file run.txt (compact mmCIF, C-alpha atoms and all ligand atoms)
# COMPACT_ATOMS: atom_id res chain seq x y z
CA MET Q 169 132.93 103.03 101.78
CA ILE Q 170 129.17 103.52 101.87
CA ILE Q 171 128.64 100.10 103.48
CA GLN Q 172 130.93 97.89 105.57
CA LEU Q 173 129.49 94.43 104.87
CA SER Q 174 129.93 91.91 107.67
CA ALA Q 175 132.97 89.64 107.54
CA SER Q 176 130.72 86.60 107.10
CA PHE Q 177 128.61 88.18 104.35
CA ALA Q 178 128.63 86.08 101.16
CA ASN Q 179 131.02 83.55 102.71
CA ASN Q 180 129.12 80.80 100.98
CA ILE Q 181 129.44 82.34 97.50
CA PRO Q 182 132.12 79.91 96.29
CA ASP Q 183 133.59 81.86 93.41
CA PRO Q 184 135.76 84.75 94.66
CA THR Q 185 135.18 86.85 91.51
CA THR Q 186 131.39 86.55 91.85
CA LYS Q 187 131.58 87.25 95.58
CA ALA Q 188 133.70 90.38 95.04
CA ALA Q 189 131.42 91.57 92.21
CA SER Q 190 128.33 91.12 94.42
CA LYS Q 191 129.87 93.29 97.14
CA ILE Q 192 130.74 96.04 94.62
CA ALA Q 193 127.20 95.92 93.20
CA ILE Q 194 125.66 96.15 96.67
CA ALA Q 195 127.75 99.24 97.39
CA GLY Q 196 126.52 100.73 94.10
CA LEU Q 197 122.91 99.97 95.03
CA CYS Q 198 123.55 101.68 98.39
CA ASP Q 199 124.73 104.79 96.52
CA ALA Q 200 121.48 104.81 94.53
CA ALA Q 201 119.46 104.15 97.72
CA VAL Q 202 121.00 107.20 99.42
CA GLN Q 203 119.84 109.33 96.48
CA ILE Q 204 116.33 107.79 96.51
CA SER Q 205 116.11 108.14 100.30
CA ALA Q 206 117.12 111.81 100.14
CA ILE Q 207 114.50 112.69 97.53
CA CYS Q 208 111.80 110.72 99.42
CA ALA Q 209 112.65 112.76 102.54
CA GLN Q 210 111.96 115.97 100.60
CA GLY Q 211 108.38 114.86 99.83
CA PRO Q 212 106.42 117.70 98.19
CA LEU Q 213 109.54 119.88 98.24
CA ALA Q 214 110.85 117.64 95.44
CA ASP Q 215 107.67 118.36 93.55
CA GLY Q 216 106.02 115.79 91.36
CA LEU Q 217 107.64 112.57 92.64
CA GLY Q 218 104.33 110.82 92.79
CA ASP Q 219 103.06 112.32 89.56
CA ASN Q 220 102.19 109.97 86.73
CA THR Q 221 104.61 110.28 83.85
CA GLY Q 222 101.84 109.43 81.43
CA ALA Q 223 103.70 106.25 80.52
CA GLU Q 224 103.10 102.68 81.61
CA ASN Q 225 105.68 100.02 82.42
CA ALA Q 226 105.75 96.64 80.68
CA ASP Q 227 103.36 95.21 83.28
CA GLY Q 228 100.83 97.94 82.57
CA ASP Q 229 101.40 99.89 85.79
CA THR Q 230 101.32 103.67 85.44
CA GLN Q 231 104.90 104.92 85.91
CA LYS Q 232 105.45 107.58 88.57
CA ALA Q 233 108.25 110.10 88.24
CA LEU Q 234 110.13 108.49 91.13
CA ASP Q 235 109.82 104.99 89.56
CA VAL Q 236 111.72 106.28 86.54
CA GLN Q 237 114.19 108.39 88.53
CA ALA Q 238 115.02 105.49 90.85
CA ASP Q 239 115.57 103.21 87.85
CA GLU Q 240 117.92 105.76 86.25
CA TRP Q 241 119.98 106.14 89.46
CA ILE Q 242 120.25 102.35 89.80
CA ILE Q 243 121.35 101.94 86.16
CA HIS Q 244 123.97 104.68 86.64
CA ALA Q 245 125.27 102.91 89.77
CA LEU Q 246 125.36 99.46 88.17
CA LYS Q 247 127.25 100.76 85.12
CA GLN Q 248 130.12 101.41 87.58
CA ALA Q 249 129.94 97.80 88.84
CA PRO Q 250 130.79 94.42 87.24
CA VAL Q 251 127.21 93.71 86.10
CA ALA Q 252 126.39 92.01 82.79
CA TYR Q 253 122.62 92.34 82.56
CA TYR Q 254 119.96 94.40 84.33
CA ALA Q 255 116.26 93.52 84.46
CA SER Q 256 113.85 96.02 86.00
CA GLU Q 257 110.15 96.50 86.63
CA GLU Q 258 110.57 99.83 84.83
CA GLU Q 259 112.37 98.40 81.75
CA THR Q 260 110.50 96.41 79.10
CA GLY Q 261 113.50 94.27 78.22
CA ILE Q 262 116.89 93.29 79.67
CA LEU Q 263 119.61 95.99 79.55
CA THR Q 264 123.11 94.82 78.59
CA LEU Q 265 125.77 96.63 80.67
CA ASP Q 266 129.06 94.62 80.52
CA PRO Q 267 128.37 91.18 78.99
CA SER Q 268 131.67 89.81 80.32
CA ALA Q 269 130.75 90.62 83.96
CA PRO Q 270 130.18 87.76 86.44
CA ILE Q 271 126.85 88.89 87.91
CA SER Q 272 123.42 90.07 86.70
CA ILE Q 273 120.81 92.00 88.67
CA ALA Q 274 117.00 92.24 88.70
CA ALA Q 275 115.31 95.09 90.54
CA ASP Q 276 112.07 96.74 91.49
CA PRO Q 277 113.51 100.27 91.64
CA LEU Q 278 110.64 101.74 93.61
CA ASP Q 279 108.27 99.40 95.47
CA GLY Q 280 105.05 100.84 96.86
CA SER Q 281 104.63 103.58 94.25
CA SER Q 282 101.02 104.18 95.30
CA ASN Q 283 102.42 105.44 98.62
CA ILE Q 284 104.94 107.95 97.19
CA ASP Q 285 102.81 111.02 98.02
CA THR Q 286 101.49 109.69 101.34
CA ASN Q 287 104.71 109.73 103.40
CA VAL Q 288 104.42 105.97 103.91
CA SER Q 289 107.49 103.69 103.72
CA ILE Q 290 108.47 102.62 100.18
CA GLY Q 291 111.56 100.81 98.95
CA THR Q 292 113.80 99.15 96.38
CA ILE Q 293 114.05 95.37 95.93
CA PHE Q 294 116.90 93.55 94.15
CA SER Q 295 118.19 90.09 93.31
CA ILE Q 296 121.73 89.13 92.21
CA PHE Q 297 122.46 86.08 90.02
CA ALA Q 298 125.67 84.68 88.59
CA THR Q 299 125.64 85.60 84.88
CA ALA Q 300 124.66 82.52 82.85
CA ASP Q 301 126.14 81.58 79.47
CA GLY Q 302 124.28 82.45 76.27
CA ALA Q 303 121.33 84.83 75.92
CA PRO Q 304 120.74 87.50 78.61
CA GLU Q 305 117.44 85.79 79.51
CA ASN Q 306 119.39 82.75 80.71
CA SER Q 307 120.63 84.81 83.66
CA PHE Q 308 117.06 85.45 84.87
CA PHE Q 309 114.83 82.67 83.55
CA ARG Q 310 115.67 80.23 86.35
CA PRO Q 311 114.32 79.25 89.79
CA GLY Q 312 114.86 81.82 92.55
CA ARG Q 313 116.84 79.29 94.59
CA GLU Q 314 119.76 80.08 92.23
CA GLN Q 315 120.01 83.66 93.51
CA LEU Q 316 123.32 84.65 95.09
CA VAL Q 317 121.92 87.65 96.98
CA GLY Q 318 118.43 88.93 97.80
CA GLY Q 319 117.90 92.35 99.36
CA PHE Q 320 115.61 95.30 99.82
CA PHE Q 321 115.89 98.90 101.02
CA VAL Q 322 113.12 100.59 103.01
CA TYR Q 323 112.83 104.40 102.82
CA GLY Q 324 110.91 105.13 106.01
CA PRO Q 325 111.60 106.66 109.44
CA GLN Q 326 114.90 104.78 109.07
CA THR Q 327 116.48 103.95 105.74
CA THR Q 328 117.41 100.29 106.06
CA LEU Q 329 118.87 97.50 103.94
CA ILE Q 330 117.77 93.92 104.63
CA LEU Q 331 120.10 91.46 102.94
CA THR Q 332 120.94 87.77 102.54
CA ALA Q 333 123.55 85.84 100.59
CA GLY Q 334 122.28 82.47 101.80
CA ASN Q 335 123.82 82.36 105.28
CA GLY Q 336 121.34 84.34 107.36
CA VAL Q 337 119.68 87.76 107.14
CA GLU Q 338 121.35 91.03 108.12
CA LEU Q 339 119.88 94.47 108.71
CA TYR Q 340 121.89 97.63 107.99
CA VAL Q 341 120.72 101.15 108.90
CA LEU Q 342 121.74 104.31 107.01
CA GLU Q 343 123.37 106.50 109.65
CA PRO Q 344 121.77 109.91 108.92
CA VAL Q 345 124.89 112.00 109.64
CA THR Q 346 127.68 109.92 108.10
CA LYS Q 347 125.44 108.56 105.30
CA LYS Q 348 126.97 105.11 105.77
CA PHE Q 349 125.04 101.84 106.08
CA VAL Q 350 125.90 100.31 109.46
CA LEU Q 351 125.20 96.71 110.48
CA ALA Q 352 122.50 96.80 113.17
CA ILE Q 353 121.23 93.19 113.34
CA ALA Q 354 123.49 90.32 112.32
CA ASN Q 355 120.94 87.52 112.17
CA ILE Q 356 117.21 88.23 111.84
CA THR Q 357 115.03 85.23 112.72
CA LEU Q 358 111.25 84.85 112.49
CA PRO Q 359 109.11 83.21 115.22
CA SER Q 360 107.48 79.98 114.00
CA SER Q 361 104.02 81.52 114.46
CA ARG Q 362 102.34 84.92 114.83
CA SER Q 363 98.60 85.58 114.50
CA GLU Q 364 98.83 88.70 112.35
CA TYR Q 365 98.06 88.73 108.62
CA ALA Q 366 98.46 91.26 105.81
CA ILE Q 367 96.12 91.21 102.81
CA ASN Q 368 94.22 93.82 100.81
CA ALA Q 369 90.73 92.98 102.09
CA ALA Q 370 89.12 95.24 99.47
CA ASN Q 371 89.62 92.30 97.09
CA THR Q 372 87.64 89.80 99.24
CA ARG Q 373 84.91 89.20 96.66
CA HIS Q 374 87.57 88.32 94.05
CA TRP Q 375 89.48 85.70 96.10
CA GLU Q 376 89.44 81.96 95.43
CA PRO Q 377 87.57 79.78 98.00
CA PRO Q 378 90.62 78.57 100.02
CA VAL Q 379 91.70 82.18 100.69
CA HIS Q 380 88.13 83.14 101.55
CA ARG Q 381 87.92 80.28 104.05
CA PHE Q 382 91.33 80.98 105.59
CA ILE Q 383 90.75 84.72 106.09
CA GLY Q 384 87.22 83.97 107.35
CA ASP Q 385 88.74 81.66 109.97
CA CYS Q 386 91.30 84.32 110.94
CA LEU Q 387 88.39 86.73 111.46
CA ALA Q 388 86.55 84.09 113.54
CA GLY Q 389 89.51 84.23 115.92
CA LYS Q 390 89.24 82.32 119.22
CA THR Q 391 85.68 81.27 118.37
CA GLY Q 392 86.75 79.61 115.11
CA PRO Q 393 88.88 76.62 114.01
CA LEU Q 394 92.20 78.49 114.35
CA GLY Q 395 91.52 78.98 118.06
CA GLU Q 396 93.25 82.35 118.35
CA ASP Q 397 92.48 85.97 117.52
CA TYR Q 398 94.27 87.46 114.51
CA ASN Q 399 95.39 91.06 114.03
CA MET Q 400 95.53 92.61 110.56
CA ARG Q 401 97.92 95.07 108.83
CA TRP Q 402 98.18 96.19 105.17
CA VAL Q 403 100.65 98.91 104.14
CA GLY Q 404 100.47 98.63 100.34
CA SER Q 405 104.27 98.58 100.15
CA LEU Q 406 105.62 95.03 100.00
CA VAL Q 407 108.92 96.15 101.57
CA ALA Q 408 107.13 97.69 104.58
CA ASP Q 409 104.98 94.60 105.20
CA ALA Q 410 108.03 92.35 104.76
CA ALA Q 411 110.12 94.48 107.16
CA ARG Q 412 107.35 94.29 109.78
CA ILE Q 413 107.08 90.51 109.40
CA LEU Q 414 110.87 90.20 109.74
CA SER Q 415 110.75 92.30 112.90
CA ARG Q 416 107.88 90.49 114.69
CA GLY Q 417 106.48 87.67 112.54
CA GLY Q 418 103.12 87.38 110.78
CA LEU Q 419 101.81 86.42 107.36
CA PHE Q 420 101.54 88.26 104.01
CA LEU Q 421 99.21 87.25 101.20
CA TYR Q 422 98.79 88.68 97.74
CA PRO Q 423 96.80 85.78 96.23
CA ALA Q 424 95.45 85.25 92.74
CA ASP Q 425 92.06 86.87 92.31
CA ALA Q 426 89.28 87.05 89.73
CA ARG Q 427 90.04 90.60 88.54
CA LYS Q 428 91.26 90.99 84.94
CA GLY Q 429 95.04 90.60 84.94
CA TYR Q 430 95.17 89.22 88.51
CA ALA Q 431 94.95 85.49 87.70
CA LEU Q 432 98.49 85.24 89.13
CA GLY Q 433 98.07 88.00 91.69
CA ARG Q 434 99.88 91.33 91.48
CA LEU Q 435 103.46 90.73 92.56
CA ARG Q 436 106.21 89.95 90.05
CA GLN Q 437 108.24 86.79 90.63
CA LEU Q 438 111.69 87.88 89.48
CA TYR Q 439 112.19 91.17 91.33
CA GLU Q 440 109.60 91.12 94.12
CA ALA Q 441 108.60 87.61 95.27
CA SER Q 442 111.91 85.79 94.70
CA PRO Q 443 114.27 88.12 96.61
CA VAL Q 444 111.77 88.54 99.47
CA ALA Q 445 111.20 84.76 99.57
CA PHE Q 446 114.98 84.17 99.77
CA ILE Q 447 115.23 86.58 102.73
CA ILE Q 448 112.18 85.15 104.52
CA GLU Q 449 113.41 81.56 104.19
CA GLN Q 450 116.87 82.55 105.41
CA ALA Q 451 115.17 84.10 108.46
CA GLY Q 452 113.44 80.78 109.18
CA GLY Q 453 110.10 81.55 107.53
CA GLY Q 454 108.26 80.16 104.52
CA ALA Q 455 107.30 81.55 101.09
CA THR Q 456 104.90 79.91 98.61
CA ASN Q 457 102.51 80.66 95.78
CA GLY Q 458 99.80 79.23 98.06
CA THR Q 459 100.99 75.64 97.69
CA LYS Q 460 104.50 75.53 96.12
CA ARG Q 461 107.82 77.01 97.30
CA ILE Q 462 108.45 80.31 95.47
CA LEU Q 463 112.17 79.60 95.11
CA ASP Q 464 111.48 76.35 93.19
CA LEU Q 465 109.23 77.96 90.58
CA ASP Q 466 110.53 78.36 87.03
CA LEU Q 467 110.40 81.73 85.26
CA SER Q 468 109.71 82.23 81.57
CA GLU Q 469 108.79 85.94 81.33
CA LEU Q 470 110.58 88.92 82.93
CA HIS Q 471 107.44 90.50 84.41
CA GLN Q 472 105.67 87.23 85.23
CA ARG Q 473 103.36 87.57 88.24
CA VAL Q 474 102.99 85.00 91.01
CA PRO Q 475 100.55 84.59 93.89
CA PHE Q 476 102.64 85.32 96.99
CA VAL Q 477 102.24 84.02 100.55
CA PHE Q 478 105.08 84.41 103.05
CA GLY Q 479 105.88 84.71 106.75
CA CYS Q 480 105.89 82.41 109.78
CA THR Q 481 106.07 78.73 108.86
CA HIS Q 482 102.94 77.89 110.91
CA GLN Q 483 100.70 80.37 109.09
CA VAL Q 484 102.24 79.67 105.65
CA GLY Q 485 101.59 75.96 106.32
CA LEU Q 486 97.96 76.70 107.23
CA VAL Q 487 97.42 78.47 103.90
CA THR Q 488 98.84 75.45 102.06
CA GLN Q 489 96.49 73.18 104.04
CA TYR Q 490 93.47 75.31 103.13
CA HIS Q 491 94.48 74.97 99.47
CA THR Q 492 95.16 71.23 99.52
CA LYS Q 493 93.10 69.60 102.29
CA ASN Q 494 89.76 71.35 102.83
P1 LIG C 1 105.03 98.52 92.92
O1 LIG C 1 104.81 99.89 93.50
O2 LIG C 1 106.47 98.21 92.68
O3 LIG C 1 104.14 98.24 91.74
O4 LIG C 1 104.62 97.46 94.04
C1 LIG C 1 103.40 97.61 94.67
C2 LIG C 1 102.97 96.27 95.16
C3 LIG C 1 103.50 95.94 96.54
O5 LIG C 1 104.46 96.82 97.01
C4 LIG C 1 102.27 96.02 97.42
O6 LIG C 1 102.29 94.98 98.36
C5 LIG C 1 101.14 95.84 96.45
O7 LIG C 1 101.58 96.30 95.19
C6 LIG C 1 99.93 96.63 96.85
O8 LIG C 1 98.92 96.24 95.94
P2 LIG C 1 97.47 96.90 96.08
O9 LIG C 1 97.65 98.34 95.74
O10 LIG C 1 96.63 96.13 95.08
O11 LIG C 1 97.02 96.67 97.49
MN MN C 2 106.86 96.51 93.82
MN MN C 3 107.90 99.23 91.56

call {"tool": "encode", "arguments": {"input": "run.txt", "output": "structure tokens", "more": "lines below"}}
Ligand code: AHG
Ligand code: MN
Ligand code: MN
result
Amino acid sequence: MIIQLSASFANNIPDPTTKAASKIAIAGLCDAAVQISAICAQGPLADGLGDNTGAENADGDTQKALDVQADEWIIHALKQAPVAYYASEEETGILTLDPSAPISIAADPLDGSSNIDTNVSIGTIFSIFATADGAPENSFFRPGREQLVGGFFVYGPQTTLILTAGNGVELYVLEPVTKKFVLAIANITLPSSRSEYAINAANTRHWEPPVHRFIGDCLAGKTGPLGEDYNMRWVGSLVADAARILSRGGLFLYPADARKGYALGRLRQLYEASPVAFIIEQAGGGATNGTKRILDLDLSELHQRVPFVFGCTHQVGLVTQYHTKN
């Protein structure tokens, strides 16, 4: 078995059929992750991974060869699992696999595509729902709090899987020799505060005033209203920034900005913000769109974007204050 999930994993998924299906699907995603991890490790030896395919995905992003390859491997894996519908950043519409199956999955097959050729950590993000009655959209057009499982793989110095089914966050590491995912941390928890933020500062002139003021006060450090110095990190791979925040705390922001197409930021609610928000909340952190809880937001389009702020509850709360009080 490619992964030995913990005994407590998914204990709070009430329906045994859905719980069993989720575990089979996770094992399938692990199979695909091993393939993606192996080709990432080859870098330029697997020529052309980071090349543009010349096509764009539904959200207008240029598709890289590895985006498409990762999506194909995931689809192949999920066809072997009890999955009804599959929604993907790299697919315009919803794919129907086995309509009678109890679960449906949304995925960002390759997160951090701009880093493919730079040997920087990239990943795969996924979200598992119980299949809803009626049209395939019904399984995805719902608040993220209805997710059964949220998870993401990181293809970096380690290949890891960070996972929650609503009763805590686990970290599994791909053992390089046996090629099995092994449980390494049984319950990841965030500190309530950490003065370290992640944002793409190149977009400063496009931010809305509350974000301008908040980041300005972070930069003012001890001399400013926040009364402490802030450090800054920005990887450009959501999974890498999220993994760092889960390991030591901090704050991530991809806010709305004034650029064309960025009125709701860059990150997609269904297969990026929602699963990461589920994990962060289960680790004791917070996740909002700047003011509202991500997991309470409705969804009406597959590739709908959402401004995304997550991390330690203290810093997430500050961002909400800057949006509502100042
Ligand atoms: P993807 O490669 O799936 O499109 O995701 C990239 C996302 C996210 O991983 C990262 O945080 C963000 O884009 C980086 O955006 P900028 O390049 O605008 O900084
Ligand atoms: Mn992504
Ligand atoms: Mn992607």

call {"tool": "residues_around", "arguments": {"input": "run.txt", "residues": "Ala175 of chain Q", "least_positions_apart": "3", "cutoff": "12 Å", "atoms": "all atoms listed in the file", "output": "ChimeraX atom specification"}}
result
/Q:172,178-180,191,335,338,351,354

call {"tool": "atom_distance", "arguments": {"input": "run.txt", "atom1": "atom CA of Arg473 of chain Q", "atom2": "atom CA of Leu438 of chain Q"}}
result
8.4 Å

call {"tool": "closest_atom_pairs", "arguments": {"input": "run.txt", "of": "segment 217-294 of chain Q", "to": "segment 404-428 of chain Q", "cutoff": "12 Å", "atoms": "all atoms listed in the file", "output": "CSV"}}
result
residue,atom,partner,partner_atom,distance
Q:Asp276,CA,Q:Val407,CA,10.6
Q:Pro277,CA,Q:Val407,CA,11.7
Q:Leu278,CA,Q:Ser405,CA,9.7
Q:Asp279,CA,Q:Ser405,CA,6.2
Q:Gly280,CA,Q:Ser405,CA,4.1
Q:Ser281,CA,Q:Ser405,CA,7.7
Q:Ser282,CA,Q:Gly404,CA,7.5
Q:Asn283,CA,Q:Ser405,CA,7.3
Q:Ile284,CA,Q:Ser405,CA,9.8
Q:Thr286,CA,Q:Gly404,CA,11.2
Q:Asn287,CA,Q:Ser405,CA,11.6
Q:Val288,CA,Q:Ser405,CA,8.3
Q:Ser289,CA,Q:Ala408,CA,6.1
Q:Ile290,CA,Q:Ser405,CA,5.8
Q:Gly291,CA,Q:Val407,CA,6.0
Q:Thr292,CA,Q:Val407,CA,7.7
Q:Ile293,CA,Q:Val407,CA,7.7
Q:Phe294,CA,Q:Val407,CA,11.2

call {"tool": "closest_residue", "arguments": {"input": "run.txt", "among": "Q:Ile181, Q:Ala189, Q:Val202, Q:Leu435", "to": "ligand MN 3 (chain C)", "atoms": "only C-alpha atoms and all ligand atoms"}}
result
Q:Leu435

call {"tool": "residues_around", "arguments": {"input": "run.txt", "residues": "Leu263 of chain Q", "least_positions_apart": "5", "cutoff": "12 Å", "atoms": "only C-alpha atoms", "output": "MDAnalysis selection string"}}
result
chainID Q and resid 239:240 243 246:247 251:258 272:275 303:305 307 470

call {"tool": "closest_residue", "arguments": {"input": "run.txt", "among": "Q:His244, Q:Arg362, Q:His491, Q:Lys187", "to": "Glu376 of chain Q", "atoms": "all atoms listed in the file"}}
result
Q:His491

call {"tool": "closest_residue", "arguments": {"input": "run.txt", "among": "Q:Lys348, Q:Lys232, Q:Arg313, Q:Lys460", "to": "ligand LIG 1 (chain C)", "atoms": "only C-alpha atoms and all ligand atoms"}}
result
Q:Lys232

call {"tool": "build_atoms", "arguments": {"input": "run.txt", "residues": "segment 306-316 of chain Q", "atoms": "all heavy atoms", "output": "PDB file, in the frame of the given file"}}
result
ATOM      1  N   ASN Q 306     118.944  83.939  79.943  1.00  0.00           N
ATOM      2  CA  ASN Q 306     119.390  82.750  80.710  1.00  0.00           C
ATOM      3  C   ASN Q 306     119.813  83.116  82.130  1.00  0.00           C
ATOM      4  O   ASN Q 306     119.794  82.287  83.035  1.00  0.00           O
ATOM      5  CB  ASN Q 306     120.563  82.066  79.996  1.00  0.00           C
ATOM      6  CG  ASN Q 306     120.182  81.553  78.626  1.00  0.00           C
ATOM      7  OD1 ASN Q 306     118.996  81.547  78.273  1.00  0.00           O
ATOM      8  ND2 ASN Q 306     121.161  81.157  77.824  1.00  0.00           N
ATOM      9  N   SER Q 307     120.200  84.378  82.318  1.00  0.00           N
ATOM     10  CA  SER Q 307     120.630  84.810  83.660  1.00  0.00           C
ATOM     11  C   SER Q 307     119.459  85.039  84.596  1.00  0.00           C
ATOM     12  O   SER Q 307     119.635  85.103  85.816  1.00  0.00           O
ATOM     13  CB  SER Q 307     121.466  86.096  83.550  1.00  0.00           C
ATOM     14  OG  SER Q 307     122.684  85.806  82.871  1.00  0.00           O
ATOM     15  N   PHE Q 308     118.234  85.146  84.033  1.00  0.00           N
ATOM     16  CA  PHE Q 308     117.060  85.450  84.870  1.00  0.00           C
ATOM     17  C   PHE Q 308     115.980  84.378  84.814  1.00  0.00           C
ATOM     18  O   PHE Q 308     115.222  84.202  85.762  1.00  0.00           O
ATOM     19  CB  PHE Q 308     116.462  86.799  84.449  1.00  0.00           C
ATOM     20  CG  PHE Q 308     117.417  87.960  84.560  1.00  0.00           C
ATOM     21  CD1 PHE Q 308     117.908  88.589  83.429  1.00  0.00           C
ATOM     22  CD2 PHE Q 308     117.853  88.413  85.813  1.00  0.00           C
ATOM     23  CE1 PHE Q 308     118.802  89.667  83.527  1.00  0.00           C
ATOM     24  CE2 PHE Q 308     118.738  89.484  85.926  1.00  0.00           C
ATOM     25  CZ  PHE Q 308     119.218  90.106  84.782  1.00  0.00           C
ATOM     26  N   PHE Q 309     115.896  83.674  83.692  1.00  0.00           N
ATOM     27  CA  PHE Q 309     114.830  82.670  83.550  1.00  0.00           C
ATOM     28  C   PHE Q 309     115.275  81.378  84.237  1.00  0.00           C
ATOM     29  O   PHE Q 309     115.750  80.431  83.601  1.00  0.00           O
ATOM     30  CB  PHE Q 309     114.506  82.432  82.078  1.00  0.00           C
ATOM     31  CG  PHE Q 309     113.811  83.611  81.418  1.00  0.00           C
ATOM     32  CD1 PHE Q 309     113.554  84.785  82.116  1.00  0.00           C
ATOM     33  CD2 PHE Q 309     113.414  83.544  80.100  1.00  0.00           C
ATOM     34  CE1 PHE Q 309     112.925  85.859  81.514  1.00  0.00           C
ATOM     35  CE2 PHE Q 309     112.771  84.619  79.477  1.00  0.00           C
ATOM     36  CZ  PHE Q 309     112.534  85.790  80.196  1.00  0.00           C
ATOM     37  N   ARG Q 310     115.188  81.353  85.537  1.00  0.00           N
ATOM     38  CA  ARG Q 310     115.670  80.230  86.350  1.00  0.00           C
ATOM     39  C   ARG Q 310     114.977  80.290  87.715  1.00  0.00           C
ATOM     40  O   ARG Q 310     114.462  81.343  88.092  1.00  0.00           O
ATOM     41  CB  ARG Q 310     117.173  80.293  86.484  1.00  0.00           C
ATOM     42  CG  ARG Q 310     117.648  81.573  87.130  1.00  0.00           C
ATOM     43  CD  ARG Q 310     118.972  82.061  86.641  1.00  0.00           C
ATOM     44  NE  ARG Q 310     120.111  81.348  87.199  1.00  0.00           N
ATOM     45  CZ  ARG Q 310     121.360  81.815  87.138  1.00  0.00           C
ATOM     46  NH1 ARG Q 310     121.609  82.966  86.569  1.00  0.00           N
ATOM     47  NH2 ARG Q 310     122.364  81.120  87.629  1.00  0.00           N
ATOM     48  N   PRO Q 311     114.952  79.205  88.467  1.00  0.00           N
ATOM     49  CA  PRO Q 311     114.320  79.250  89.790  1.00  0.00           C
ATOM     50  C   PRO Q 311     115.042  80.214  90.727  1.00  0.00           C
ATOM     51  O   PRO Q 311     116.265  80.364  90.667  1.00  0.00           O
ATOM     52  CB  PRO Q 311     114.431  77.816  90.303  1.00  0.00           C
ATOM     53  CG  PRO Q 311     114.706  76.984  89.099  1.00  0.00           C
ATOM     54  CD  PRO Q 311     115.452  77.858  88.138  1.00  0.00           C
ATOM     55  N   GLY Q 312     114.283  80.836  91.630  1.00  0.00           N
ATOM     56  CA  GLY Q 312     114.860  81.820  92.550  1.00  0.00           C
ATOM     57  C   GLY Q 312     115.869  81.235  93.513  1.00  0.00           C
ATOM     58  O   GLY Q 312     116.675  81.951  94.094  1.00  0.00           O
ATOM     59  N   ARG Q 313     115.853  79.892  93.657  1.00  0.00           N
ATOM     60  CA  ARG Q 313     116.840  79.290  94.590  1.00  0.00           C
ATOM     61  C   ARG Q 313     118.261  79.458  94.068  1.00  0.00           C
ATOM     62  O   ARG Q 313     119.225  79.236  94.805  1.00  0.00           O
ATOM     63  CB  ARG Q 313     116.523  77.803  94.802  1.00  0.00           C
ATOM     64  CG  ARG Q 313     116.643  76.961  93.576  1.00  0.00           C
ATOM     65  CD  ARG Q 313     116.464  75.453  93.853  1.00  0.00           C
ATOM     66  NE  ARG Q 313     116.582  74.698  92.603  1.00  0.00           N
ATOM     67  CZ  ARG Q 313     115.526  74.358  91.853  1.00  0.00           C
ATOM     68  NH1 ARG Q 313     114.297  74.694  92.239  1.00  0.00           N
ATOM     69  NH2 ARG Q 313     115.690  73.703  90.715  1.00  0.00           N
ATOM     70  N   GLU Q 314     118.415  79.873  92.781  1.00  0.00           N
ATOM     71  CA  GLU Q 314     119.760  80.080  92.230  1.00  0.00           C
ATOM     72  C   GLU Q 314     120.298  81.492  92.485  1.00  0.00           C
ATOM     73  O   GLU Q 314     121.410  81.811  92.063  1.00  0.00           O
ATOM     74  CB  GLU Q 314     119.733  79.778  90.726  1.00  0.00           C
ATOM     75  CG  GLU Q 314     119.422  78.301  90.432  1.00  0.00           C
ATOM     76  CD  GLU Q 314     119.438  77.968  88.951  1.00  0.00           C
ATOM     77  OE1 GLU Q 314     120.007  78.765  88.162  1.00  0.00           O
ATOM     78  OE2 GLU Q 314     118.876  76.932  88.575  1.00  0.00           O
ATOM     79  N   GLN Q 315     119.521  82.311  93.171  1.00  0.00           N
ATOM     80  CA  GLN Q 315     120.010  83.660  93.510  1.00  0.00           C
ATOM     81  C   GLN Q 315     121.262  83.579  94.378  1.00  0.00           C
ATOM     82  O   GLN Q 315     121.365  82.689  95.237  1.00  0.00           O
ATOM     83  CB  GLN Q 315     118.961  84.379  94.382  1.00  0.00           C
ATOM     84  CG  GLN Q 315     117.752  84.921  93.693  1.00  0.00           C
ATOM     85  CD  GLN Q 315     116.772  85.461  94.717  1.00  0.00           C
ATOM     86  OE1 GLN Q 315     116.830  86.627  95.079  1.00  0.00           O
ATOM     87  NE2 GLN Q 315     115.855  84.619  95.161  1.00  0.00           N
ATOM     88  N   LEU Q 316     122.159  84.538  94.194  1.00  0.00           N
ATOM     89  CA  LEU Q 316     123.320  84.650  95.090  1.00  0.00           C
ATOM     90  C   LEU Q 316     122.972  85.552  96.271  1.00  0.00           C
ATOM     91  O   LEU Q 316     123.352  85.297  97.421  1.00  0.00           O
ATOM     92  CB  LEU Q 316     124.499  85.277  94.333  1.00  0.00           C
ATOM     93  CG  LEU Q 316     125.041  84.504  93.131  1.00  0.00           C
ATOM     94  CD1 LEU Q 316     126.085  85.346  92.423  1.00  0.00           C
ATOM     95  CD2 LEU Q 316     125.616  83.155  93.564  1.00  0.00           C
TER      96      LEU Q 316
END
